>>> print(open('data30.cif').read())   # mmCIF, C-alpha atoms
data_upload
#
loop_
_atom_site.label_atom_id
_atom_site.label_comp_id
_atom_site.auth_asym_id
_atom_site.auth_seq_id
_atom_site.Cartn_x
_atom_site.Cartn_y
_atom_site.Cartn_z
CA MET Y 688 0.00 0.00 0.00
CA ASP Y 689 1.51 3.32 -1.07
CA THR Y 690 1.52 6.57 0.91
CA GLY Y 691 -1.26 8.14 -1.15
CA MET Y 692 -3.71 5.36 -0.35
CA VAL Y 693 -2.95 5.67 3.36
CA THR Y 694 -3.30 9.45 3.56
CA GLU Y 695 -6.48 9.43 1.45
CA CYS Y 696 -8.27 7.45 4.17
CA PHE Y 697 -7.94 10.43 6.51
CA ARG Y 698 -9.08 13.10 4.04
CA ASP Y 699 -12.21 14.97 5.19
CA LYS Y 700 -12.51 12.66 8.22
CA THR Y 701 -13.13 13.54 11.85
CA ILE Y 702 -10.77 11.87 14.31
CA LEU Y 703 -10.84 11.53 18.09
CA ILE Y 704 -7.39 10.99 19.63
CA THR Y 705 -6.72 10.12 23.26
CA GLY Y 706 -3.21 10.36 24.67
CA SER Y 707 -2.12 13.26 22.46
CA THR Y 708 0.04 14.72 25.25
CA GLY Y 709 2.07 11.51 25.36
CA PHE Y 710 5.21 10.74 23.39
CA LEU Y 711 3.55 8.68 20.64
CA GLY Y 712 0.42 10.83 20.63
CA LYS Y 713 2.36 13.97 19.68
CA LEU Y 714 4.12 12.15 16.85
CA LEU Y 715 0.86 10.72 15.56
CA LEU Y 716 -0.90 14.10 15.56
CA GLU Y 717 2.00 15.83 13.80
CA LYS Y 718 2.18 13.07 11.18
CA ILE Y 719 -1.54 13.29 10.35
CA LEU Y 720 -1.45 17.09 10.02
CA ARG Y 721 1.69 16.91 7.88
CA VAL Y 722 0.69 14.18 5.44
CA GLN Y 723 -3.05 14.95 5.31
CA PRO Y 724 -3.78 18.64 6.05
CA ASP Y 725 -7.24 18.11 4.53
CA VAL Y 726 -8.37 16.10 7.53
CA LYS Y 727 -11.72 17.54 8.57
CA LYS Y 728 -11.32 17.78 12.34
CA ILE Y 729 -9.17 16.28 15.11
CA TYR Y 730 -10.55 16.16 18.64
CA LEU Y 731 -7.89 15.83 21.35
CA LEU Y 732 -9.16 14.45 24.64
CA VAL Y 733 -6.97 15.48 27.59
CA ARG Y 734 -7.37 15.35 31.35
CA ALA Y 735 -8.38 18.85 32.42
CA PRO Y 736 -11.03 20.48 34.66
CA ASP Y 737 -12.54 22.59 31.86
CA ALA Y 738 -12.30 23.50 28.16
CA ALA Y 739 -9.96 26.44 28.71
CA SER Y 740 -7.53 24.32 30.71
CA ALA Y 741 -7.66 21.58 28.08
CA GLU Y 742 -6.83 24.05 25.30
CA GLN Y 743 -3.97 25.52 27.32
CA ARG Y 744 -2.57 22.07 27.97
CA ILE Y 745 -2.65 21.19 24.28
CA ILE Y 746 -0.91 24.45 23.36
CA CYS Y 747 1.81 24.08 25.99
CA GLN Y 748 2.41 20.32 26.00
CA VAL Y 749 1.73 19.44 22.36
CA LEU Y 750 1.49 22.13 19.69
CA GLY Y 751 4.14 24.36 21.27
CA LYS Y 752 6.84 21.69 20.97
CA ASP Y 753 9.68 21.76 18.43
CA LEU Y 754 8.18 18.64 16.85
CA PHE Y 755 5.74 20.93 15.01
CA ASN Y 756 8.45 23.23 13.60
CA THR Y 757 8.27 21.48 10.22
CA LEU Y 758 4.59 22.40 9.98
CA ARG Y 759 5.34 25.96 11.08
CA GLU Y 760 7.96 26.29 8.36
CA LYS Y 761 5.70 24.71 5.76
CA HIS Y 762 2.65 26.91 6.43
CA GLY Y 763 4.30 29.93 8.01
CA LEU Y 764 3.47 30.97 11.57
CA SER Y 765 0.13 32.57 10.69
CA GLY Y 766 -0.76 29.68 8.39
CA PHE Y 767 0.10 27.16 11.10
CA GLN Y 768 -2.06 28.98 13.63
CA GLU Y 769 -4.92 29.07 11.14
CA LEU Y 770 -4.51 25.33 10.46
CA ILE Y 771 -4.64 24.57 14.18
CA LYS Y 772 -7.64 26.82 14.70
CA GLU Y 773 -9.52 25.12 11.87
CA LYS Y 774 -8.57 21.50 12.54
CA ILE Y 775 -7.85 21.02 16.27
CA VAL Y 776 -10.46 20.92 19.05
CA SER Y 777 -9.46 20.34 22.68
CA LEU Y 778 -11.75 18.26 24.88
CA ALA Y 779 -11.61 18.19 28.68
CA GLY Y 780 -12.23 14.66 29.89
CA ASP Y 781 -10.77 11.52 31.40
CA VAL Y 782 -10.36 8.11 29.76
CA GLY Y 783 -10.64 6.48 33.17
CA THR Y 784 -14.34 7.37 33.44
CA ARG Y 785 -17.34 6.28 31.38
CA ASP Y 786 -18.09 8.37 28.28
CA PHE Y 787 -14.62 9.86 28.83
CA GLY Y 788 -16.12 12.20 31.43
CA LEU Y 789 -18.05 14.18 28.79
CA ASP Y 790 -21.54 15.50 29.52
CA SER Y 791 -24.38 13.77 27.68
CA SER Y 792 -25.13 16.52 25.14
CA ARG Y 793 -21.45 16.96 24.21
CA MET Y 794 -20.98 13.21 23.92
CA GLU Y 795 -24.01 12.74 21.66
CA ASP Y 796 -22.88 15.48 19.27
CA LEU Y 797 -19.35 14.10 19.21
CA CYS Y 798 -20.48 10.53 18.53
CA GLU Y 799 -22.37 11.72 15.44
CA GLU Y 800 -19.23 13.38 14.03
CA ILE Y 801 -16.55 10.81 14.69
CA ASP Y 802 -15.21 8.66 11.82
CA ILE Y 803 -12.06 7.39 13.54
CA ILE Y 804 -11.02 6.83 17.15
CA ILE Y 805 -7.31 6.43 17.93
CA HIS Y 806 -7.16 5.40 21.57
CA GLY Y 807 -3.58 5.77 22.76
CA ALA Y 808 -4.01 7.16 26.26
CA ALA Y 809 -2.05 5.12 28.79
CA THR Y 810 0.38 5.52 31.62
CA THR Y 811 3.85 4.11 30.96
CA SER Y 812 5.38 5.43 34.16
CA PHE Y 813 7.63 2.90 35.91
CA TYR Y 814 6.40 4.19 39.28
CA GLU Y 815 2.70 4.92 38.80
CA ARG Y 816 -0.09 4.76 41.34
CA TYR Y 817 -1.81 1.42 40.96
CA ASP Y 818 -5.30 2.95 41.02
CA VAL Y 819 -4.32 5.42 38.28
CA ALA Y 820 -2.72 2.66 36.17
CA LEU Y 821 -5.84 0.49 36.45
CA ALA Y 822 -8.20 3.33 35.58
CA THR Y 823 -6.15 4.48 32.59
CA ASN Y 824 -4.75 1.27 31.11
CA ALA Y 825 -7.50 -1.24 31.95
CA LEU Y 826 -10.77 0.68 32.35
CA GLY Y 827 -9.65 3.19 29.71
CA ALA Y 828 -9.60 0.44 27.09
CA GLN Y 829 -13.04 -0.78 28.18
CA TYR Y 830 -14.55 2.70 28.13
CA GLY Y 831 -12.95 3.37 24.75
CA CYS Y 832 -14.75 0.35 23.27
CA GLU Y 833 -18.03 1.37 24.89
CA PHE Y 834 -17.68 4.89 23.49
CA ALA Y 835 -16.92 3.54 20.00
CA LYS Y 836 -20.15 1.51 19.98
CA LYS Y 837 -22.10 4.76 20.40
CA CYS Y 838 -20.63 6.29 17.22
CA PRO Y 839 -22.98 5.40 14.30
CA ASN Y 840 -20.60 6.62 11.58
CA LEU Y 841 -17.43 5.09 12.98
CA LYS Y 842 -15.16 3.48 10.39
CA LEU Y 843 -12.24 2.53 12.59
CA LEU Y 844 -11.20 2.07 16.23
CA LEU Y 845 -7.43 1.91 16.67
CA HIS Y 846 -6.21 0.97 20.14
CA VAL Y 847 -2.48 1.49 20.66
CA SER Y 848 -1.35 -0.53 23.65
CA THR Y 849 1.61 0.11 25.93
CA ALA Y 850 4.94 -1.69 25.71
CA PHE Y 851 5.55 -5.36 26.46
CA VAL Y 852 2.12 -6.67 25.46
CA ALA Y 853 3.76 -10.04 24.80
CA GLY Y 854 5.43 -10.12 28.20
CA THR Y 855 8.75 -11.96 28.37
CA GLN Y 856 7.77 -14.79 26.05
CA GLU Y 857 10.21 -16.02 23.40
CA GLY Y 858 9.80 -17.81 20.10
CA LEU Y 859 6.78 -17.65 17.80
CA LEU Y 860 4.16 -15.27 19.24
CA LEU Y 861 0.80 -15.32 17.48
CA GLU Y 862 -1.05 -12.03 17.15
CA LYS Y 863 -4.27 -13.20 18.73
CA ALA Y 864 -6.61 -11.65 21.25
CA LEU Y 865 -6.55 -12.74 24.87
CA GLN Y 866 -9.83 -13.87 26.38
CA MET Y 867 -11.19 -11.85 29.29
CA GLY Y 868 -9.18 -12.77 32.36
CA GLU Y 869 -6.49 -14.60 30.40
CA ALA Y 870 -2.95 -13.71 31.43
CA LEU Y 871 0.33 -13.94 29.54
CA ARG Y 872 1.85 -16.29 32.11
CA PRO Y 873 0.47 -19.87 32.00
CA GLY Y 874 -1.60 -20.78 35.02
CA TYR Y 875 -2.40 -17.18 35.96
CA HIS Y 876 -5.77 -15.44 35.80
CA LEU Y 877 -6.34 -11.68 35.69
CA ASP Y 878 -9.50 -10.44 37.37
CA ILE Y 879 -9.87 -6.69 36.84
CA GLU Y 880 -12.84 -6.45 39.19
CA ALA Y 881 -10.80 -8.12 41.93
CA GLU Y 882 -7.95 -5.69 41.31
CA LEU Y 883 -10.32 -2.72 41.56
CA GLN Y 884 -11.71 -4.12 44.80
CA LEU Y 885 -8.15 -4.51 46.09
CA VAL Y 886 -7.47 -0.83 45.39
CA GLU Y 887 -10.60 0.25 47.24
CA LYS Y 888 -9.78 -2.11 50.12
CA VAL Y 889 -6.28 -0.65 50.50
CA LYS Y 890 -7.62 2.90 50.39
CA THR Y 891 -10.22 2.08 53.02
CA GLU Y 892 -7.62 0.49 55.27
CA LEU Y 893 -5.34 3.50 54.87
CA THR Y 894 -8.14 5.85 55.81
CA ALA Y 895 -9.03 3.78 58.87
CA ALA Y 896 -5.46 3.28 60.05
CA LYS Y 897 -4.23 6.80 59.37
CA SER Y 898 -7.12 9.08 60.25
CA GLY Y 899 -6.48 12.49 58.79
CA SER Y 900 -3.51 11.21 56.78
CA SER Y 901 -2.25 13.30 53.91
CA ASP Y 902 -2.92 12.57 50.26
CA GLN Y 903 0.83 12.08 49.87
CA TYR Y 904 0.74 8.99 52.09
CA VAL Y 905 -2.05 7.45 50.00
CA LYS Y 906 -0.21 8.38 46.80
CA THR Y 907 3.02 6.75 47.97
CA THR Y 908 1.21 3.59 49.05
CA MET Y 909 -0.57 3.34 45.70
CA LYS Y 910 2.74 3.74 43.89
CA GLU Y 911 4.31 0.97 45.93
CA LEU Y 912 1.33 -1.25 45.10
CA GLY Y 913 1.73 -0.73 41.38
CA LEU Y 914 5.49 -0.50 40.92
CA LYS Y 915 6.54 -1.33 37.37
CA ARG Y 916 9.35 -0.40 34.96
CA THR Y 917 9.68 0.52 31.28
CA ILE Y 918 12.54 1.29 28.91
CA ASP Y 919 11.37 4.94 28.78
CA ALA Y 920 12.67 5.42 32.31
CA LEU Y 921 16.20 4.57 31.15
CA ILE Y 922 16.13 7.18 28.39
CA VAL Y 923 14.71 9.87 30.67
CA ALA Y 924 17.28 9.11 33.36
CA TYR Y 925 20.06 9.27 30.77
CA ASP Y 926 18.74 12.57 29.37
CA GLU Y 927 18.62 14.15 32.83
CA GLN Y 928 22.00 12.59 33.79
CA ALA Y 929 20.23 11.75 37.04
CA PHE Y 930 21.37 8.15 37.21
CA PRO Y 931 24.93 7.38 36.01
CA CYS Y 932 24.70 3.59 36.07
CA PHE Y 933 22.41 0.80 34.98
CA LEU Y 934 22.20 -2.96 35.30
CA GLY Y 935 22.65 -4.86 32.05
CA ASP Y 936 24.92 -6.09 29.29
CA LEU Y 937 25.66 -4.09 26.14
CA LYS Y 938 25.71 -7.34 24.19
CA ASP Y 939 22.04 -8.01 24.99
CA THR Y 940 19.30 -7.35 22.44
CA MET Y 941 16.82 -4.63 23.40
CA ASP Y 942 13.20 -4.74 22.26
CA ALA Y 943 12.89 -1.02 21.52
CA VAL Y 944 11.17 0.15 18.32
CA PRO Y 945 11.70 3.64 16.79
CA ALA Y 946 8.60 5.74 17.47
CA ASP Y 947 8.19 6.91 13.87
CA MET Y 948 7.88 3.28 12.78
CA VAL Y 949 5.13 2.71 15.36
CA VAL Y 950 3.25 5.76 14.05
CA ASN Y 951 3.60 4.58 10.44
CA VAL Y 952 2.35 1.09 11.33
CA THR Y 953 -0.62 2.65 13.15
CA LEU Y 954 -1.68 4.69 10.13
CA VAL Y 955 -1.11 1.88 7.63
CA ALA Y 956 -3.04 -0.61 9.78
CA GLY Y 957 -5.93 1.84 9.88
CA ALA Y 958 -5.93 2.20 6.10
CA VAL Y 959 -5.66 -1.55 5.45
CA HIS Y 960 -8.60 -2.39 7.71
CA TRP Y 961 -10.71 0.66 6.94
CA ASN Y 962 -14.42 0.08 7.64
CA GLU Y 963 -13.87 -3.63 8.28
CA LYS Y 964 -15.77 -5.59 10.90
CA GLY Y 965 -13.78 -7.72 13.28
CA GLN Y 966 -10.59 -7.43 15.29
CA VAL Y 967 -7.02 -7.43 14.00
CA ILE Y 968 -3.92 -7.28 16.20
CA TYR Y 969 -0.41 -6.19 15.21
CA HIS Y 970 2.70 -6.53 17.36
CA VAL Y 971 5.32 -3.95 16.43
CA SER Y 972 8.66 -5.40 17.48
CA LEU Y 973 12.26 -5.85 16.42
CA ALA Y 974 13.18 -7.97 13.42
CA LEU Y 975 15.59 -10.85 13.87
CA GLN Y 976 17.61 -9.62 10.88
CA ASN Y 977 18.58 -6.28 12.45
CA PRO Y 978 18.28 -6.44 16.26
CA LEU Y 979 19.02 -3.48 18.50
CA SER Y 980 21.94 -4.24 20.81
CA GLY Y 981 22.85 -2.38 23.96
CA TYR Y 982 25.92 -1.00 22.16
CA VAL Y 983 23.80 0.56 19.41
CA PHE Y 984 21.27 1.89 21.90
CA GLU Y 985 23.97 3.51 24.03
CA ASP Y 986 25.63 5.06 20.97
CA ALA Y 987 22.28 6.40 19.72
CA CYS Y 988 21.56 8.05 23.09
CA TRP Y 989 25.09 9.46 23.23
CA ASP Y 990 24.94 10.87 19.70
CA TYR Y 991 21.46 12.39 20.11
CA PHE Y 992 21.97 14.02 23.50
CA SER Y 993 25.40 15.29 22.48
CA ILE Y 994 23.68 17.25 19.70
CA HIS Y 995 20.51 18.02 21.68
CA PRO Y 996 21.59 18.27 25.35
CA ARG Y 997 19.13 18.95 28.11
CA VAL Y 998 19.11 22.68 28.94
CA LEU Y 999 19.06 23.60 32.62
CA GLU Y 1000 16.96 26.37 34.15
CA ASN Y 1001 19.97 28.70 34.04
CA GLY Y 1002 20.15 28.25 30.27
CA LYS Y 1003 23.33 26.15 30.31
CA PRO Y 1004 23.40 22.72 28.62
CA LEU Y 1005 23.80 19.64 30.79
CA GLN Y 1006 27.06 17.84 30.08
CA ASN Y 1007 26.51 14.50 28.39
CA ARG Y 1008 28.29 11.50 29.93
CA ARG Y 1009 28.27 7.83 29.06
CA PRO Y 1010 26.64 5.66 31.75
CA TYR Y 1011 28.28 2.79 33.60
CA LEU Y 1012 26.78 -0.64 33.02
CA PHE Y 1013 27.17 -3.43 35.57
CA LYS Y 1014 26.63 -7.00 34.44
CA LYS Y 1015 26.18 -8.33 37.98
CA LEU Y 1016 23.56 -7.22 40.49
CA VAL Y 1017 26.04 -7.41 43.39
CA TYR Y 1018 28.32 -4.81 41.76
CA PHE Y 1019 25.34 -2.62 40.91
CA ARG Y 1020 24.13 -2.68 44.54
CA ALA Y 1021 27.63 -2.01 45.87
CA TYR Y 1022 27.98 1.05 43.66
CA LEU Y 1023 24.59 2.44 44.76
CA THR Y 1024 25.47 1.83 48.41
CA LEU Y 1025 28.83 3.60 48.20
CA MET Y 1026 27.70 6.50 46.01
CA TYR Y 1027 24.22 7.17 47.38
CA LYS Y 1028 23.10 5.20 50.43
CA LEU Y 1029 26.12 5.81 52.69
CA PRO Y 1030 26.41 9.56 51.93
CA LEU Y 1031 22.69 10.00 52.64
CA GLU Y 1032 22.93 8.08 55.92
CA VAL Y 1033 25.93 10.17 57.00
CA LYS Y 1034 24.13 13.36 56.07
CA ASN Y 1035 21.01 12.35 57.98
CA HIS Y 1036 23.10 11.33 61.00
CA MET Y 1037 24.94 14.67 61.02
CA PHE Y 1038 21.62 16.51 60.76
CA TYR Y 1039 20.29 14.53 63.74
CA ILE Y 1040 23.37 15.37 65.81
CA HIS Y 1041 23.18 19.04 64.87
CA THR Y 1042 19.48 19.38 65.70
CA HIS Y 1043 19.92 17.65 69.07
CA MET Y 1044 23.01 19.51 70.29
CA PRO Y 1045 22.47 21.35 73.57
CA ILE Y 1046 22.47 25.16 73.31
#
>>> encode(input="data30.cif", output="structure tokens")
Amino acid sequence: MDTGMVTECFRDKTILITGSTGFLGKLLLEKILRVQPDVKKIYLLVRAPDAASAEQRIICQVLGKDLFNTLREKHGLSGFQELIKEKIVSLAGDVGTRDFGLDSSRMEDLCEEIDIIIHGAATTSFYERYDVALATNALGAQYGCEFAKKCPNLKLLLHVSTAFVAGTQEGLLLEKALQMGEALRPGYHLDIEAELQLVEKVKTELTAAKSGSSDQYVKTTMKELGLKRTIDALIVAYDEQAFPCFLGDLKDTMDAVPADMVVNVTLVAGAVHWNEKGQVIYHVSLALQNPLSGYVFEDACWDYFSIHPRVLENGKPLQNRRPYLFKKLVYFRAYLTLMYKLPLEVKNHMFYIHTHMPI
């Protein structure tokens, strides 16, 4: 399928996108506006208390980014602003609530307009609150399907999942749907209702045990309950130079896919299955012919952040350094203990002595 056939599917169509403030969401929005400026309308659903806040968030966190400089250069600043004014509509809502948190009249009007839903809202934080992760990643998918069923003119529902949908399995992985409750690990069963009840149970216990406790205590407990990790955390930590060492082997193969390829697959998949009934699943992953090794990944990060360093609040660029990689967990723990744990314990001990000295 050539580019023209793909872009033609989006001409004069109205699209609802969730997750536009995320990494992939920004790329997807920019790609659609760049390759098909004749799209009719794009609704961007973002978490916000009202319409004005939603619009401000889209301007600051999405359209104001350098990613859209190509469109600014192509149309000129005034032309770009006119394009955005004509094509983009911000919606205040929440994917973790039914009907995306929209009032009934707004939802009914929107359902009549929508041709395409691209549901990409998700949390990929490696240290997210468990209740937030459940509402966004699990219930968000359910509510997205329920919303799609209310759109009489819908031609396509594209759900972009988070990373690691195949878990840690190896070998031939068939692109088939999991049954409700089916888990990736054999012998395990996933009960979303039970997980939601667990969250409410923990919150209730926290409230009872810590009467008048702060929201921060609940937030921390929820994060501990839902601790998880993603590759994004490594890139962010490297960019900020906040963590100089990692655990791993540069010879290992990393299952990281360039974001522009994911966006292209998303658009092509939509065009191929336009107005079809049924469910089709695609796994976007590395090819065996050209795997991404730790060496290549490290070099790519080094090259990119050497050219585009993080700029500090004082306007000075952050010096780019190569990270240390430890192959063994014992060495990794020893380094963290010597460089971080012991200095913090000494500092806390000195503070205790100072605050308890007699005057």
>>> resolve_selection(input="data30.cif", expression="the PyMOL selection byres ((chain Y and resi 787) around 10)", output="PyMOL selection string")
chain Y and resi 705+732-734+778-786+788-790+794+827+830-831+833-834
>>> closest_residue(input="data30.cif", among="Y:Cys832, Y:Leu954, Y:Leu877, Y:Leu1031", to="Thr690 in chain Y", atoms="only C-alpha atoms")
Y:Leu954
>>> resolve_selection(input="data30.cif", expression="the PyMOL selection byres ((chain Y and resi 755-772) around 10)", output="PDB file with C-alpha atoms, keeping the file's coordinate frame")
ATOM      1  CA  LYS Y 713       2.360  13.970  19.680  1.00  0.00           C
ATOM      2  CA  LEU Y 714       4.120  12.150  16.850  1.00  0.00           C
ATOM      3  CA  LEU Y 716      -0.900  14.100  15.560  1.00  0.00           C
ATOM      4  CA  GLU Y 717       2.000  15.830  13.800  1.00  0.00           C
ATOM      5  CA  LYS Y 718       2.180  13.070  11.180  1.00  0.00           C
ATOM      6  CA  LEU Y 720      -1.450  17.090  10.020  1.00  0.00           C
ATOM      7  CA  ARG Y 721       1.690  16.910   7.880  1.00  0.00           C
ATOM      8  CA  PRO Y 724      -3.780  18.640   6.050  1.00  0.00           C
ATOM      9  CA  ASP Y 725      -7.240  18.110   4.530  1.00  0.00           C
ATOM     10  CA  LYS Y 728     -11.320  17.780  12.340  1.00  0.00           C
ATOM     11  CA  ILE Y 729      -9.170  16.280  15.110  1.00  0.00           C
ATOM     12  CA  ILE Y 746      -0.910  24.450  23.360  1.00  0.00           C
ATOM     13  CA  VAL Y 749       1.730  19.440  22.360  1.00  0.00           C
ATOM     14  CA  LEU Y 750       1.490  22.130  19.690  1.00  0.00           C
ATOM     15  CA  GLY Y 751       4.140  24.360  21.270  1.00  0.00           C
ATOM     16  CA  LYS Y 752       6.840  21.690  20.970  1.00  0.00           C
ATOM     17  CA  ASP Y 753       9.680  21.760  18.430  1.00  0.00           C
ATOM     18  CA  LEU Y 754       8.180  18.640  16.850  1.00  0.00           C
ATOM     19  CA  GLU Y 773      -9.520  25.120  11.870  1.00  0.00           C
ATOM     20  CA  LYS Y 774      -8.570  21.500  12.540  1.00  0.00           C
ATOM     21  CA  ILE Y 775      -7.850  21.020  16.270  1.00  0.00           C
ATOM     22  CA  VAL Y 776     -10.460  20.920  19.050  1.00  0.00           C
TER      23      VAL Y 776
END
>>> residues_around(input="data30.cif", residues="Leu1012 in chain Y", least_positions_apart="5", cutoff="7 Å", atoms="only C-alpha atoms", output="ChimeraX atom specification")
/Y:932-936
>>> atom_distance(input="data30.cif", atom1="CA of Arg698 in chain Y", atom2="CA of Ala735 in chain Y")
29.0 Å
>>> atom_distance(input="data30.cif", atom1="CA of Leu973 in chain Y", atom2="CA of His876 in chain Y")
28.2 Å
>>> atom_distance(input="data30.cif", atom1="CA of Val952 in chain Y", atom2="CA of Leu731 in chain Y")
20.6 Å
>>> closest_residue(input="data30.cif", among="Y:Gly957, Y:Pro978, Y:Pro1030, Y:Gly965", to="Ile702 in chain Y", atoms="only C-alpha atoms")
Y:Gly957
>>> resolve_selection(input="data30.cif", expression="the PyMOL selection byres ((chain Y and resi 840) around 7)", output="list of chain:residue names")
Y:Glu799, Y:Ile801, Y:Asp802, Y:Cys838, Y:Pro839, Y:Leu841, Y:Lys842
>>> closest_residue(input="data30.cif", among="Y:Thr810, Y:Thr953, Y:Thr1024, Y:Gln829", to="Leu715 in chain Y", atoms="all atoms listed in the file")
Y:Thr953
>>> residues_around(input="data30.cif", residues="Glu985 in chain Y", least_positions_apart="2", cutoff="12 Å", atoms="all atoms listed in the file", output="list in words")
Leu921, Ile922, Tyr925, Asp926, Phe933, Gly935, Asp936, Leu937, Lys938, Asp939, Thr940, Met941, Leu979, Ser980, Gly981, Tyr982, Val983, Ala987, Cys988, Trp989, Asp990, Tyr991, Phe992, Ser993, Arg1008, Arg1009, Pro1010, Tyr1011 and Leu1012 of chain Y
>>> closest_residue(input="data30.cif", among="Y:Val967, Y:Leu845, Y:Val959, Y:Ala1021", to="Glu862 in chain Y", atoms="all atoms listed in the file")
Y:Val967
>>> closest_residue(input="data30.cif", among="Y:Ile968, Y:Leu885, Y:Val847, Y:Ala958", to="Asp689 in chain Y", atoms="all atoms listed in the file")
Y:Ala958
>>> residues_around(input="data30.cif", residues="Ile719 in chain Y", least_positions_apart="6", cutoff="9 Å", atoms="all atoms listed in the file", output="ChimeraX atom specification")
/Y:694,697,726,954
>>> closest_residue(input="data30.cif", among="Y:Lys837, Y:His806, Y:Lys1003, Y:Lys1015", to="Gly712 in chain Y", atoms="all atoms listed in the file")
Y:His806
>>> build_atoms(input="data30.cif", residues="range 958-964 of chain Y", atoms="all heavy atoms", output="mmCIF file, in the coordinates of the input")
data_model
loop_
_atom_site.group_PDB
_atom_site.id
_atom_site.type_symbol
_atom_site.label_atom_id
_atom_site.label_comp_id
_atom_site.auth_asym_id
_atom_site.auth_seq_id
_atom_site.Cartn_x
_atom_site.Cartn_y
_atom_site.Cartn_z
ATOM 1 N N ALA Y 958 -5.535 2.151 7.510
ATOM 2 C CA ALA Y 958 -5.930 2.200 6.100
ATOM 3 C C ALA Y 958 -6.248 0.810 5.551
ATOM 4 O O ALA Y 958 -7.214 0.629 4.793
ATOM 5 C CB ALA Y 958 -4.808 2.847 5.282
ATOM 6 N N VAL Y 959 -5.465 -0.177 5.946
ATOM 7 C CA VAL Y 959 -5.660 -1.550 5.450
ATOM 8 C C VAL Y 959 -7.003 -2.110 5.916
ATOM 9 O O VAL Y 959 -7.702 -2.804 5.156
ATOM 10 C CB VAL Y 959 -4.507 -2.453 5.914
ATOM 11 C CG1 VAL Y 959 -4.834 -3.917 5.627
ATOM 12 C CG2 VAL Y 959 -3.219 -2.055 5.221
ATOM 13 N N HIS Y 960 -7.389 -1.805 7.140
ATOM 14 C CA HIS Y 960 -8.600 -2.390 7.710
ATOM 15 C C HIS Y 960 -9.725 -1.368 7.821
ATOM 16 O O HIS Y 960 -10.597 -1.485 8.685
ATOM 17 C CB HIS Y 960 -8.277 -2.982 9.086
ATOM 18 C CG HIS Y 960 -7.230 -4.043 9.036
ATOM 19 N ND1 HIS Y 960 -7.461 -5.306 8.550
ATOM 20 C CD2 HIS Y 960 -5.909 -4.018 9.373
ATOM 21 C CE1 HIS Y 960 -6.350 -6.025 8.606
ATOM 22 N NE2 HIS Y 960 -5.400 -5.267 9.107
ATOM 23 N N TRP Y 961 -9.705 -0.400 6.934
ATOM 24 C CA TRP Y 961 -10.710 0.660 6.940
ATOM 25 C C TRP Y 961 -12.114 0.084 6.770
ATOM 26 O O TRP Y 961 -12.397 -0.666 5.839
ATOM 27 C CB TRP Y 961 -10.399 1.641 5.812
ATOM 28 C CG TRP Y 961 -11.333 2.805 5.742
ATOM 29 C CD1 TRP Y 961 -12.398 2.961 4.904
ATOM 30 C CD2 TRP Y 961 -11.295 3.973 6.548
ATOM 31 N NE1 TRP Y 961 -13.024 4.148 5.128
ATOM 32 C CE2 TRP Y 961 -12.361 4.802 6.143
ATOM 33 C CE3 TRP Y 961 -10.462 4.404 7.576
ATOM 34 C CZ2 TRP Y 961 -12.615 6.035 6.727
ATOM 35 C CZ3 TRP Y 961 -10.709 5.634 8.151
ATOM 36 C CH2 TRP Y 961 -11.775 6.425 7.730
ATOM 37 N N ASN Y 962 -12.996 0.433 7.703
ATOM 38 C CA ASN Y 962 -14.420 0.080 7.640
ATOM 39 C C ASN Y 962 -14.649 -1.429 7.635
ATOM 40 O O ASN Y 962 -15.681 -1.905 7.146
ATOM 41 C CB ASN Y 962 -15.086 0.709 6.425
ATOM 42 C CG ASN Y 962 -16.567 0.944 6.663
ATOM 43 O OD1 ASN Y 962 -17.020 1.043 7.800
ATOM 44 N ND2 ASN Y 962 -17.329 1.024 5.584
ATOM 45 N N GLU Y 963 -13.702 -2.188 8.162
ATOM 46 C CA GLU Y 963 -13.870 -3.630 8.280
ATOM 47 C C GLU Y 963 -14.513 -3.978 9.617
ATOM 48 O O GLU Y 963 -14.333 -3.276 10.603
ATOM 49 C CB GLU Y 963 -12.515 -4.353 8.189
ATOM 50 C CG GLU Y 963 -11.925 -4.427 6.809
ATOM 51 C CD GLU Y 963 -10.659 -5.274 6.787
ATOM 52 O OE1 GLU Y 963 -10.301 -5.828 7.850
ATOM 53 O OE2 GLU Y 963 -10.025 -5.363 5.728
ATOM 54 N N LYS Y 964 -15.243 -5.069 9.640
ATOM 55 C CA LYS Y 964 -15.770 -5.590 10.900
ATOM 56 C C LYS Y 964 -14.818 -6.667 11.405
ATOM 57 O O LYS Y 964 -14.233 -7.405 10.635
ATOM 58 C CB LYS Y 964 -17.173 -6.165 10.696
ATOM 59 C CG LYS Y 964 -18.224 -5.114 10.340
ATOM 60 C CD LYS Y 964 -19.604 -5.727 10.304
ATOM 61 C CE LYS Y 964 -20.658 -4.692 9.927
ATOM 62 N NZ LYS Y 964 -20.729 -3.598 10.919
#
